[in-house]
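A.B. asks: This structure is in structure tokens; I'll ask about it shortly.
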Amino acid sequence: MKRTKGKKAGADFMYYVWLFFLTAVFGWLWEGFLYLLKDEMYVNRGFLTGPWLPIYGTGAVMLEILFHRWRDKPVMIFFMSMLLCTVLEYAAGWYLEASWGIKWWDYSQAPLNLHGRICLLSSLLFGAGGMLLVWVVSPLFYSLYRRIPSKYRIIPGVLLIGIFVADATYSAVLPHVGKGITYR
């Protein structure tokens with residue numbers, strides 16, 4: 001893939017929309033799977049009703065925009081991803097708690113945690129996930145994305161944005177809460 005300095009050649013807004021939804025849905029599936037293993041029951045995680053966790057999508061888009069130029073430096077990407085995603089998770093946890101008075105995750109039982117919002121293990125996983133995303137997943141996804149004619153990228157992408165905005169609006173009034181989803 002040919003690149004220009006500091007910017008992915010040919011990347012457009014819709015690419016980042018698709019990357020956001022791909023990783024937000026992956027995060028939803030990942031966390032559902034983890035809770036299935038941990039609690040032996042499926043849980044629709046997150047404060048939105050739909051099948052996505054926007055913190056994963058937001059983190060992935062940020063990582064790709066900021067770190068794609070260092071794709072040949074996976075160790076650097078690991079540490080930068082670890083730092084950026086840990087700050088993002090702490091800020092999101094603080095914001096959600098301040099806005100609704102509810103915790104959607106709680107690491108207070110994990111070693112080396114800060115206010116139960118972040119912990120060392122999740123930070124290490126963010127580093128590994130960010131490195132995998134920037135080093136492997138994003139280049140592969142980008143090559144597949146470029147093969148799809150733009151009319152087949154734009155219309156479904158705009159529809160997904162509309163559905164997501166409707167879900168976020170609904171969830172701002174009635175956030176998704178309950179057993180296995182939130183901690184009081």
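By order in the structure tokens, chains are A, B, ...; within a chain, residues start at 1; ligands start at 1, following the order shown.
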I'd like the contact shell of stretch 169-183 of chain A - 12 Å cut-off, only C-alpha atoms, skipping same-chain residues fewer than 6 positions apart - returned as number ranges by chain.

C.D. replies: A: 28, 31-32, 34-36, 38-51, 53, 93, 96-97, 99-108, 116-117, 162-163

A.B. asks: Just list as number ranges by chain whatever in chain A DSSP marks as strand (DSSP E or B).

C.D. replies: A: 4, 7, 103, 113-114, 118-119, 183

A.B. asks: Would you mind exporting the chosen residues as a short mmCIF file (atom, residue, chain, number, x, y, z; two decimals), in the first residue's frame, restricted to N, CA and C atoms?

C.D. replies:
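Ended up saving to part.cif:
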data_model
loop_
_atom_site.label_atom_id
_atom_site.label_comp_id
_atom_site.auth_asym_id
_atom_site.auth_seq_id
_atom_site.Cartn_x
_atom_site.Cartn_y
_atom_site.Cartn_z
N THR A 4 1.50 8.30 1.95
CA THR A 4 2.08 9.62 2.00
C THR A 4 2.47 9.89 3.43
N LYS A 7 -0.17 10.46 6.42
CA LYS A 7 -1.56 10.21 6.02
C LYS A 7 -1.60 8.98 5.14
N LYS A 103 -21.48 2.59 37.01
CA LYS A 103 -20.22 2.07 36.47
C LYS A 103 -20.55 0.94 35.49
N ASN A 113 -5.00 -1.33 40.00
CA ASN A 113 -6.08 -0.60 39.35
C ASN A 113 -6.11 0.83 39.88
N LEU A 114 -6.76 1.70 39.12
CA LEU A 114 -6.93 3.09 39.53
C LEU A 114 -8.42 3.41 39.54
N ILE A 118 -9.42 1.49 35.48
CA ILE A 118 -8.37 0.90 34.66
C ILE A 118 -7.54 -0.03 35.54
N CYS A 119 -6.82 -0.95 34.90
CA CYS A 119 -5.90 -1.81 35.63
C CYS A 119 -4.78 -2.23 34.69
N TYR A 183 -22.32 -1.92 37.37
CA TYR A 183 -21.96 -2.14 38.76
C TYR A 183 -22.39 -0.89 39.53
#

A.B. asks: Quick one: residues within 12 Å of A:Leu63, only C-alpha atoms counted, chain neighbours fewer than 6 positions away excluded, as a PyMOL selection string?

C.D. replies: chain A and resi 16+19-20+23+55-57+69-71+77-85+88+126-127+129-135+137-138

A.B. asks: What lies within 9 Å of A:Tyr15 using only C-alpha atoms, ignoring chain neighbours under 5 positions off, as an NGL selection string?

C.D. replies: :A and (20 or 142 or 145-146 or 153)

A.B. asks: List every residue of stretch 69-175 of chain A that DSSP, applied to the backbone of this structure, places in helix (DSSP H, G or I), and write the result as number ranges by chain.

C.D. replies: A: 69-70, 74-100, 120-147, 150-173

A.B. asks: Taking only C-alpha atoms into account, which of A:Met14, A:Val87, A:Ala60, A:Leu66 comes nearest A:Ser150?

C.D. replies: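 Nearest candidate to A:Ser150 out of A:Met14, A:Val87, A:Ala60, A:Leu66: A:Met14.
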
A.B. asks: Nearest residue to A:Tyr90 out of A:Trp30, A:Trp18, A:Leu159, A:Ser122, using only C-alpha atoms?

C.D. replies: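 Checking each candidate against A:Tyr90, we get A:Ser122 as the closest.
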
A.B. asks: For A:Pro74, which of A:Ala92, A:Ala128, A:Leu37, A:Leu144 is the closest residue, counting only C-alpha atoms?

C.D. replies: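 Comparing A:Ala92, A:Ala128, A:Leu37, A:Leu144 against A:Pro74, the winner is A:Ala128.
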